[in-house]
$ cat input.csv   # CSV, C-alpha atoms
chain,number,residue,atom,x,y,z
A,1,MET,CA,7.0,28.9,-0.8
A,2,SER,CA,7.7,31.7,-3.3
A,3,ILE,CA,6.3,35.2,-2.8
A,4,LEU,CA,4.0,34.6,-5.8
A,5,GLY,CA,2.8,31.4,-4.3
A,6,LYS,CA,2.0,33.1,-1.0
A,7,ILE,CA,0.1,35.8,-2.8
A,8,LYS,CA,-1.9,33.3,-4.8
A,9,ARG,CA,-2.8,31.3,-1.7
A,10,GLN,CA,-3.9,34.4,0.3
A,11,THR,CA,-5.9,35.7,-2.7
A,12,PHE,CA,-7.8,32.5,-3.2
A,13,ARG,CA,-8.3,31.9,0.5
A,14,TRP,CA,-11.1,34.3,0.7
A,15,LEU,CA,-12.9,33.2,-2.5
A,16,PRO,CA,-15.8,30.8,-2.4
A,17,ASP,CA,-15.1,27.1,-2.5
A,18,THR,CA,-16.7,26.2,-5.9
A,19,ASN,CA,-15.6,23.9,-8.7
A,20,PHE,CA,-15.0,26.9,-11.0
A,21,VAL,CA,-12.8,28.8,-8.5
A,22,ASN,CA,-10.8,25.7,-7.6
A,23,LEU,CA,-10.3,25.0,-11.3
A,24,ILE,CA,-8.9,28.6,-11.9
A,25,TYR,CA,-6.6,28.1,-8.9
A,26,SER,CA,-5.5,24.7,-10.2
A,27,GLU,CA,-4.9,26.0,-13.8
A,28,ILE,CA,-2.7,28.8,-12.5
A,29,GLY,CA,-0.5,26.3,-10.6
A,30,TYR,CA,-0.4,24.0,-13.6
A,31,PHE,CA,0.6,26.8,-15.9
A,32,ARG,CA,3.4,27.9,-13.5
A,33,ARG,CA,4.6,24.2,-13.4
A,34,PHE,CA,4.3,23.2,-17.0
A,35,GLY,CA,4.1,26.4,-19.0
A,36,ARG,CA,0.6,25.6,-20.4
A,37,PHE,CA,-2.9,25.1,-19.1
A,38,ALA,CA,-4.4,21.7,-18.5
A,39,ASN,CA,-7.1,20.5,-20.8
A,40,VAL,CA,-9.8,19.3,-18.5
A,41,ARG,CA,-12.5,19.2,-21.1
A,42,ASP,CA,-10.8,16.5,-23.1
A,43,PRO,CA,-8.1,15.3,-20.6
A,44,ARG,CA,-5.4,13.0,-21.9
A,45,CYS,CA,-2.5,12.9,-19.3
A,46,PHE,CA,-2.6,11.8,-15.7
A,47,ASN,CA,-2.6,15.3,-14.3
A,48,GLU,CA,-5.4,16.5,-16.5
A,49,HIS,CA,-7.7,13.6,-15.6
A,50,LEU,CA,-6.9,14.2,-12.0
A,51,MET,CA,-7.6,17.9,-12.1
A,52,ARG,CA,-11.0,17.2,-13.7
A,53,LEU,CA,-11.7,14.8,-10.8
A,54,LYS,CA,-10.5,17.4,-8.2
A,55,CYS,CA,-12.8,20.1,-9.6
A,56,SER,CA,-15.9,17.8,-9.9
A,57,ASP,CA,-18.8,17.1,-7.6
A,58,GLU,CA,-17.4,13.7,-6.8
A,59,MET,CA,-14.6,15.2,-4.7
A,60,ARG,CA,-17.3,16.8,-2.6
A,61,ARG,CA,-18.9,13.5,-1.6
A,62,PRO,CA,-18.9,12.9,2.1
A,63,LEU,CA,-17.0,9.6,1.5
A,64,ARG,CA,-14.0,11.6,0.1
A,65,THR,CA,-13.9,13.8,3.2
A,66,PHE,CA,-14.3,10.7,5.5
A,67,ILE,CA,-11.4,8.8,3.9
A,68,SER,CA,-9.2,11.9,3.9
A,69,ASP,CA,-9.4,12.1,7.7
A,70,LYS,CA,-6.6,10.0,9.1
A,71,GLU,CA,-8.6,9.2,12.2
A,72,LEU,CA,-11.9,8.3,10.4
A,73,VAL,CA,-10.3,6.3,7.6
A,74,LYS,CA,-9.3,3.7,10.2
A,75,HIS,CA,-13.0,3.1,10.7
A,76,PHE,CA,-13.5,2.8,7.0
A,77,VAL,CA,-10.6,0.2,6.8
A,78,ARG,CA,-12.0,-1.7,9.8
A,79,GLY,CA,-15.4,-1.9,8.2
A,80,HIS,CA,-14.1,-3.3,5.0
A,81,LEU,CA,-11.2,-5.5,6.2
A,82,GLY,CA,-11.7,-6.1,9.9
A,83,GLU,CA,-9.3,-5.5,12.7
A,84,GLY,CA,-5.5,-5.3,12.5
A,85,TYR,CA,-5.0,-3.4,9.3
A,86,THR,CA,-4.0,0.0,10.6
A,87,PRO,CA,-1.3,1.3,13.0
A,88,LYS,CA,-2.4,1.5,16.6
A,89,THR,CA,-3.7,5.0,17.5
A,90,LEU,CA,-2.1,6.2,20.7
A,91,ALA,CA,-3.8,9.6,21.0
A,92,ILE,CA,-6.0,12.1,19.2
A,93,LEU,CA,-5.0,15.7,20.2
A,94,ARG,CA,-7.7,18.2,19.2
A,95,GLN,CA,-6.6,21.3,21.2
A,96,PRO,CA,-3.2,23.2,21.5
A,97,GLU,CA,-3.4,22.6,25.2
A,98,GLU,CA,-3.5,18.9,24.7
A,99,ILE,CA,-0.4,19.0,22.6
A,100,GLU,CA,1.4,21.1,25.2
A,101,HIS,CA,0.7,18.6,28.1
A,102,TYR,CA,0.6,15.2,26.3
A,103,ASP,CA,3.2,12.8,27.5
A,104,PHE,CA,4.5,11.4,24.2
A,105,PRO,CA,5.9,7.9,24.3
A,106,PRO,CA,9.5,7.3,23.3
A,107,ARG,CA,8.6,6.0,19.8
A,108,PHE,CA,5.7,7.3,17.8
A,109,ALA,CA,4.6,9.0,14.5
A,110,ALA,CA,2.5,12.1,14.7
A,111,LYS,CA,0.6,13.7,11.8
A,112,PRO,CA,-2.1,16.2,11.1
A,113,ALA,CA,-5.2,14.0,10.7
A,114,HIS,CA,-6.7,16.7,8.5
A,115,GLY,CA,-3.8,17.3,6.2
A,116,PHE,CA,-0.9,15.9,4.3
A,117,ASN,CA,2.9,15.9,4.0
A,118,ASP,CA,3.6,17.0,7.6
A,119,VAL,CA,4.9,14.2,9.9
A,120,LEU,CA,6.9,13.9,13.1
A,121,ILE,CA,8.7,10.6,13.8
A,122,LYS,CA,10.5,9.9,17.1
A,123,LYS,CA,12.5,6.7,17.7
A,124,GLY,CA,13.7,7.5,21.3
A,125,GLU,CA,14.5,11.2,20.9
A,126,ALA,CA,12.9,13.7,23.2
A,127,VAL,CA,10.0,15.8,22.0
A,128,THR,CA,11.3,19.4,21.8
A,129,PRO,CA,9.4,22.7,22.3
A,130,ALA,CA,9.8,23.2,18.5
A,131,ASP,CA,8.1,19.8,17.9
A,132,ARG,CA,5.1,20.9,20.0
A,133,ALA,CA,5.0,24.3,18.3
A,134,ALA,CA,4.9,22.6,14.8
A,135,MET,CA,2.0,20.4,15.9
A,136,ARG,CA,0.1,23.4,17.3
A,137,ARG,CA,0.6,25.1,13.8
A,138,TRP,CA,-0.9,22.0,12.2
A,139,ILE,CA,-4.1,22.3,14.3
A,140,ARG,CA,-4.5,26.0,13.3
A,141,GLU,CA,-4.2,25.3,9.6
A,142,ASN,CA,-7.0,24.4,7.2
A,143,TYR,CA,-5.1,22.3,4.6
A,144,PHE,CA,-7.7,23.1,2.0
A,145,ASN,CA,-6.0,26.5,1.7
A,146,ARG,CA,-2.8,25.0,0.6
A,147,GLY,CA,-4.1,23.7,-2.7
A,148,ARG,CA,-7.9,24.1,-2.8
A,149,GLU,CA,-8.4,20.3,-2.5
A,150,PRO,CA,-12.1,20.0,-1.5
A,151,GLN,CA,-11.8,16.8,0.4
A,152,TYR,CA,-9.7,18.5,3.1
A,153,ARG,CA,-11.9,21.5,3.7
A,154,PHE,CA,-14.2,20.1,6.4
A,155,VAL,CA,-11.9,17.6,8.1
A,156,GLU,CA,-11.7,18.3,11.8
A,157,PRO,CA,-8.3,19.8,12.7
A,158,LYS,CA,-6.4,17.4,15.0
A,159,VAL,CA,-3.1,15.6,15.5
A,160,ILE,CA,-3.1,11.8,15.4
A,161,VAL,CA,-0.4,10.0,17.4
A,162,GLU,CA,0.4,6.5,16.2
A,163,GLU,CA,2.7,3.7,17.1
A,164,PHE,CA,6.0,3.6,15.2
A,165,VAL,CA,5.6,0.6,13.0
A,166,GLY,CA,9.1,0.1,11.6
A,167,ASP,CA,11.5,-2.7,12.4
A,168,ASP,CA,14.0,-1.5,15.0
A,169,ASP,CA,14.6,2.2,14.0
A,170,ILE,CA,14.0,1.7,10.2
A,171,VAL,CA,11.0,3.4,8.6
A,172,PRO,CA,9.1,0.8,6.5
A,173,VAL,CA,9.0,1.1,2.7
A,174,ASP,CA,6.0,3.1,1.6
A,175,PHE,CA,3.7,1.5,-1.0
A,176,LYS,CA,1.1,3.6,-2.8
A,177,VAL,CA,-1.2,1.4,-4.7
A,178,TYR,CA,-3.2,3.3,-7.4
A,179,CYS,CA,-6.7,2.1,-8.2
A,180,PHE,CA,-8.8,3.1,-11.1
A,181,HIS,CA,-12.5,2.1,-11.0
A,182,GLY,CA,-11.7,-0.3,-8.3
A,183,VAL,CA,-8.8,-2.0,-10.0
A,184,VAL,CA,-5.0,-1.7,-9.3
A,185,ARG,CA,-3.2,-0.4,-12.3
A,186,PHE,CA,0.2,0.6,-10.9
A,187,ILE,CA,2.2,0.8,-7.7
A,188,GLU,CA,4.5,3.4,-6.4
A,189,VAL,CA,7.2,2.4,-3.9
A,190,ASP,CA,9.1,5.1,-2.0
A,191,PHE,CA,12.5,4.0,-0.6
A,192,ASP,CA,14.4,5.9,2.1
A,193,ARG,CA,11.7,8.5,2.4
A,194,PHE,CA,13.3,10.6,5.1
A,195,ARG,CA,16.9,10.4,4.0
A,196,SER,CA,17.4,10.1,0.2
A,197,LEU,CA,14.1,9.4,-1.4
A,198,ARG,CA,14.0,7.1,-4.4
A,199,ARG,CA,10.8,6.3,-6.1
A,200,ASP,CA,10.0,3.4,-8.4
A,201,LEU,CA,6.8,2.5,-10.3
A,202,PHE,CA,5.6,-1.0,-11.0
A,203,ASP,CA,2.6,-2.4,-13.0
A,204,ALA,CA,-0.1,-4.4,-11.3
A,205,GLU,CA,1.9,-7.6,-11.8
A,206,GLY,CA,5.0,-6.1,-10.0
A,207,GLN,CA,7.0,-5.5,-13.2
A,208,PRO,CA,9.1,-2.3,-13.1
A,209,LEU,CA,7.9,0.6,-15.3
A,210,ASP,CA,10.5,2.8,-17.0
A,211,ILE,CA,9.0,6.0,-15.5
A,212,GLU,CA,10.5,8.6,-13.2
A,213,PHE,CA,7.8,10.1,-10.9
A,214,LEU,CA,9.1,13.3,-9.3
A,215,PHE,CA,12.1,11.6,-7.7
A,216,PRO,CA,15.0,9.5,-9.1
A,217,ARG,CA,14.4,5.8,-9.5
A,218,SER,CA,16.3,3.3,-7.3
A,219,GLY,CA,16.2,0.4,-9.8
A,220,ARG,CA,15.3,-2.1,-7.1
A,221,PRO,CA,12.8,-4.9,-7.6
A,222,LEU,CA,9.4,-4.7,-6.0
A,223,PRO,CA,9.9,-5.4,-2.3
A,224,CYS,CA,7.8,-8.1,-0.6
A,225,SER,CA,6.7,-9.4,-4.0
A,226,GLU,CA,5.3,-12.5,-2.4
A,227,LEU,CA,2.7,-10.3,-0.7
A,228,LEU,CA,1.6,-8.6,-4.0
A,229,PRO,CA,-1.7,-10.6,-4.2
A,230,GLU,CA,-2.6,-9.5,-0.7
A,231,LEU,CA,-1.5,-5.9,-1.3
A,232,ARG,CA,-3.8,-5.8,-4.4
A,233,ARG,CA,-6.7,-7.4,-2.5
A,234,ILE,CA,-6.5,-4.9,0.3
A,235,ALA,CA,-6.3,-1.9,-2.1
A,236,GLU,CA,-9.1,-3.0,-4.4
A,237,THR,CA,-11.4,-3.8,-1.4
A,238,LEU,CA,-11.0,-0.2,-0.2
A,239,ALA,CA,-11.2,1.4,-3.6
A,240,ALA,CA,-14.3,-0.5,-4.8
A,241,ASN,CA,-16.6,2.5,-4.9
A,242,LEU,CA,-14.2,5.2,-6.1
A,243,SER,CA,-13.3,6.2,-9.6
A,244,PHE,CA,-9.7,6.8,-8.5
A,245,VAL,CA,-7.7,6.6,-5.2
A,246,GLY,CA,-4.2,5.9,-4.0
A,247,VAL,CA,-4.1,3.5,-1.0
A,248,ASP,CA,-0.9,3.9,1.1
A,249,LEU,CA,0.3,0.7,2.6
A,250,TYR,CA,3.2,-0.4,4.8
A,251,VAL,CA,4.6,-3.9,5.1
A,252,VAL,CA,6.1,-4.7,8.6
A,253,GLY,CA,7.2,-8.3,8.7
A,254,ASN,CA,4.2,-10.2,7.3
A,255,ARG,CA,1.7,-7.5,8.4
A,256,ILE,CA,0.2,-5.1,5.8
A,257,LEU,CA,-1.0,-1.8,7.3
A,258,VAL,CA,-3.1,0.9,5.7
A,259,GLY,CA,-1.6,4.4,6.3
A,260,GLU,CA,-4.1,6.6,4.5
A,261,MET,CA,-6.0,7.1,1.2
A,262,THR,CA,-5.1,9.8,-1.2
A,263,SER,CA,-7.6,11.3,-3.7
A,264,THR,CA,-5.4,13.9,-5.5
A,265,PRO,CA,-1.7,12.9,-5.3
A,266,GLU,CA,0.7,15.9,-5.8
A,267,ASN,CA,-2.4,18.1,-6.3
A,268,CYS,CA,-2.5,17.4,-10.0
A,269,ASN,CA,1.1,18.7,-10.6
A,270,ALA,CA,3.1,15.5,-10.8
A,271,THR,CA,6.1,15.4,-13.1
A,272,PHE,CA,6.9,12.3,-15.1
A,273,HIS,CA,10.0,11.4,-17.2
A,274,PRO,CA,9.6,10.7,-20.0
A,275,VAL,CA,6.8,13.1,-20.4
A,276,GLU,CA,4.9,10.5,-22.5
A,277,ALA,CA,4.5,8.5,-19.2
A,278,GLY,CA,1.7,11.0,-18.2
A,279,LEU,CA,-0.3,9.9,-21.3
A,280,PHE,CA,0.3,6.3,-20.5
A,281,LEU,CA,-0.9,6.6,-16.9
A,282,GLY,CA,-3.8,8.9,-17.9
A,283,ARG,CA,-5.4,6.1,-19.9
A,284,PHE,CA,-6.2,4.3,-16.7
A,285,PHE,CA,-8.8,6.9,-15.8
A,286,GLU,CA,-11.0,5.8,-18.8
A,287,ARG,CA,-13.7,3.4,-17.6
A,288,PRO,CA,-13.1,-0.1,-18.9
A,289,PRO,CA,-15.9,-1.4,-21.2
A,290,GLY,CA,-18.6,-3.2,-19.3
A,291,SER,CA,-17.5,-2.0,-15.9
A,292,PRO,CA,-20.2,-0.9,-13.5
A,293,GLU,CA,-21.2,2.7,-13.2
$ encode --input "input.csv" --output "structure tokens"
Amino acid sequence: MSILGKIKRQTFRWLPDTNFVNLIYSEIGYFRRFGRFANVRDPRCFNEHLMRLKCSDEMRRPLRTFISDKELVKHFVRGHLGEGYTPKTLAILRQPEEIEHYDFPPRFAAKPAHGFNDVLIKKGEAVTPADRAAMRRWIRENYFNRGREPQYRFVEPKVIVEEFVGDDDIVPVDFKVYCFHGVVRFIEVDFDRFRSLRRDLFDAEGQPLDIEFLFPRSGRPLPCSELLPELRRIAETLAANLSFVGVDLYVVGNRILVGEMTSTPENCNATFHPVEAGLFLGRFFERPPGSPE
């Protein structure tokens, strides 16, 4: 992180968590990224719509906090879909001492249940003192302070340890299914996430979109296209009561697993190429005529 970014985070850390303060913070970050302020009064592009949502009362609903917790979201998934749709939880570590003394299995994935981006994957390698130190840092951090995303502020700090769900030692392809007003509108697929990330976008029917979203495209077709109807069913079932959400899914064999649910992807600072793609995707935030409130 740049020195200016650290100063900004420390300055806003002590300011109240209000929609107005969070909007100011978000606008500063947006200006630094794009050289202009976002128009949240009359949003047009994807990021502007998302910023208005981030700085609204909807993001403070208990449901948003609940589904942002990687432990609790599994209860949400189970209540809507039944058993067998999430990776097996091996442990929940709530204190630094538990991290220090926990006997990790040979293969697992560990994440801060109260945060984002950080992950530790082991496929037979030993857990090092540096690994344990990183997890202890996760517990000490309130991820709200990274980007003023309200849904993370009151999530209990903890580390969730899950089974490694890949085939052999291969991390599964990551599907992010974006739902607007309960309907799938486009799908992001991340290939080779931990080696040389390539990202492709597809429409709801699985057709490729000529859009680059933060990372170069791979040009590959939609994986597991025969499972697309089930991917859509799962995502739309979970997104039914939300104006917008991204549902993260993994396909392992014929199993579809829900990893997490994301309310504000890239914290409203995603870059698209061509730039007109942001306008195209932004239209999906508009409520379809006749849709329920």
$ residues_around --input "input.csv" --residues "stretch 97-103 of chain A" --least-positions-apart "6" --cutoff "12 Å" --atoms "all atoms listed in the file" --output "list in words"
Leu90, Ala91, Ala110, Pro112, Ala126, Val127, Thr128, Pro129, Ala130, Asp131, Arg132, Ala133, Ala134, Met135, Arg136, Arg137, Trp138, Ile139, Lys158, Val159, Ile160 and Val161 of chain A
$ atom_distance --input "input.csv" --atom1 "atom CA of A:Val173" --atom2 "atom CA of A:Arg199"
10.4 Å
$ closest_residue --input "input.csv" --among "A:Ala38, A:Leu72, A:Cys45, A:Ala235" --to "A:His181" --atoms "all atoms listed in the file"
A:Ala235
$ residues_around --input "input.csv" --residues "A:Arg195" --least-positions-apart "3" --cutoff "12 Å" --atoms "all atoms listed in the file" --output "PDB file with C-alpha atoms, in the coordinates of the input"
ATOM      1  CA  ILE A 170      14.000   1.700  10.200  1.00  0.00           C
ATOM      2  CA  VAL A 171      11.000   3.400   8.600  1.00  0.00           C
ATOM      3  CA  ASP A 190       9.100   5.100  -2.000  1.00  0.00           C
ATOM      4  CA  PHE A 191      12.500   4.000  -0.600  1.00  0.00           C
ATOM      5  CA  ASP A 192      14.400   5.900   2.100  1.00  0.00           C
ATOM      6  CA  ARG A 198      14.000   7.100  -4.400  1.00  0.00           C
TER       7      ARG A 198
END
$ residues_around --input "input.csv" --residues "A:Phe116" --least-positions-apart "4" --cutoff "12 Å" --atoms "all atoms listed in the file" --output "JSON list (two decimals) with C-alpha atoms, keeping the file's coordinate frame"
[["chain", "number", "residue", "atom", "x", "y", "z"],
["A", 68, "SER", "CA", -9.20, 11.90, 3.90],
["A", 69, "ASP", "CA", -9.40, 12.10, 7.70],
["A", 70, "LYS", "CA", -6.60, 10.00, 9.10],
["A", 110, "ALA", "CA", 2.50, 12.10, 14.70],
["A", 111, "LYS", "CA", 0.60, 13.70, 11.80],
["A", 112, "PRO", "CA", -2.10, 16.20, 11.10],
["A", 120, "LEU", "CA", 6.90, 13.90, 13.10],
["A", 138, "TRP", "CA", -0.90, 22.00, 12.20],
["A", 141, "GLU", "CA", -4.20, 25.30, 9.60],
["A", 142, "ASN", "CA", -7.00, 24.40, 7.20],
["A", 143, "TYR", "CA", -5.10, 22.30, 4.60],
["A", 144, "PHE", "CA", -7.70, 23.10, 2.00],
["A", 146, "ARG", "CA", -2.80, 25.00, 0.60],
["A", 147, "GLY", "CA", -4.10, 23.70, -2.70],
["A", 149, "GLU", "CA", -8.40, 20.30, -2.50],
["A", 151, "GLN", "CA", -11.80, 16.80, 0.40],
["A", 152, "TYR", "CA", -9.70, 18.50, 3.10],
["A", 155, "VAL", "CA", -11.90, 17.60, 8.10],
["A", 157, "PRO", "CA", -8.30, 19.80, 12.70],
["A", 159, "VAL", "CA", -3.10, 15.60, 15.50],
["A", 259, "GLY", "CA", -1.60, 4.40, 6.30],
["A", 260, "GLU", "CA", -4.10, 6.60, 4.50],
["A", 261, "MET", "CA", -6.00, 7.10, 1.20],
["A", 262, "THR", "CA", -5.10, 9.80, -1.20],
["A", 263, "SER", "CA", -7.60, 11.30, -3.70],
["A", 264, "THR", "CA", -5.40, 13.90, -5.50],
["A", 265, "PRO", "CA", -1.70, 12.90, -5.30],
["A", 266, "GLU", "CA", 0.70, 15.90, -5.80],
["A", 267, "ASN", "CA", -2.40, 18.10, -6.30]]
$ closest_atom_pairs --input "input.csv" --of "stretch 148-186 of chain A" --to "stretch 224-228 of chain A" --cutoff "12 Å" --atoms "all atoms listed in the file" --output "tab-separated table"
residue	atom	partner	partner_atom	distance
A:Pro172	CA	A:Cys224	CA	11.5
A:Val173	CA	A:Cys224	CA	9.8
A:Asp174	CA	A:Cys224	CA	11.6
A:Phe175	CA	A:Cys224	CA	10.4
A:Val177	CA	A:Leu228	CA	10.4
A:Val184	CA	A:Leu228	CA	10.9
A:Phe186	CA	A:Leu228	CA	11.6
$ residues_around --input "input.csv" --residues "A:Phe272" --least-positions-apart "4" --cutoff "8 Å" --atoms "all atoms listed in the file" --output "PDB file with C-alpha atoms, in the frame of the given file"
ATOM      1  CA  ILE A 211       9.000   6.000 -15.500  1.00  0.00           C
ATOM      2  CA  GLU A 212      10.500   8.600 -13.200  1.00  0.00           C
ATOM      3  CA  PHE A 213       7.800  10.100 -10.900  1.00  0.00           C
ATOM      4  CA  LEU A 214       9.100  13.300  -9.300  1.00  0.00           C
ATOM      5  CA  GLU A 276       4.900  10.500 -22.500  1.00  0.00           C
ATOM      6  CA  ALA A 277       4.500   8.500 -19.200  1.00  0.00           C
ATOM      7  CA  GLY A 278       1.700  11.000 -18.200  1.00  0.00           C
TER       8      GLY A 278
END
$ closest_residue --input "input.csv" --among "A:Ala270, A:Asn22, A:Asp210, A:Gly182" --to "A:Arg232" --atoms "only C-alpha atoms"
A:Gly182
$ residues_around --input "input.csv" --residues "stretch 24-28 of chain A" --least-positions-apart "4" --cutoff "7 Å" --atoms "all atoms listed in the file" --output "VMD selection string"
chain A and resid 20 32 37 to 38
$ atom_distance --input "input.csv" --atom1 "atom CA of A:Pro106" --atom2 "atom CA of A:Gly84"
22.4 Å
$ atom_distance --input "input.csv" --atom1 "atom CA of A:Val252" --atom2 "atom CA of A:Leu197"
19.0 Å
$ closest_residue --input "input.csv" --among "A:Arg255, A:Arg33, A:Arg107, A:Arg60" --to "A:Ile234" --atoms "all atoms listed in the file"
A:Arg255
$ decode --input "input.csv" --residues "stretch 29-43 of chain A" --atoms "C-alpha atoms" --output "mmCIF file, in the first residue's frame"
data_model
loop_
_atom_site.group_PDB
_atom_site.id
_atom_site.type_symbol
_atom_site.label_atom_id
_atom_site.label_comp_id
_atom_site.auth_asym_id
_atom_site.auth_seq_id
_atom_site.Cartn_x
_atom_site.Cartn_y
_atom_site.Cartn_z
ATOM 1 C CA GLY A 29 -10.328 6.290 -3.692
ATOM 2 C CA TYR A 30 -12.368 6.522 -6.888
ATOM 3 C CA PHE A 31 -10.732 9.826 -7.830
ATOM 4 C CA ARG A 32 -7.269 8.399 -7.244
ATOM 5 C CA ARG A 33 -8.133 5.410 -9.465
ATOM 6 C CA PHE A 34 -10.012 7.108 -12.314
ATOM 7 C CA GLY A 35 -9.150 10.815 -12.102
ATOM 8 C CA ARG A 36 -12.756 11.862 -11.486
ATOM 9 C CA PHE A 37 -15.448 11.514 -8.851
ATOM 10 C CA ALA A 38 -18.229 8.956 -9.092
ATOM 11 C CA ASN A 39 -21.737 10.209 -9.812
ATOM 12 C CA VAL A 40 -23.807 8.439 -7.160
ATOM 13 C CA ARG A 41 -26.807 10.737 -7.528
ATOM 14 C CA ASP A 42 -27.383 9.644 -11.104
ATOM 15 C CA PRO A 43 -25.191 6.547 -11.470
#
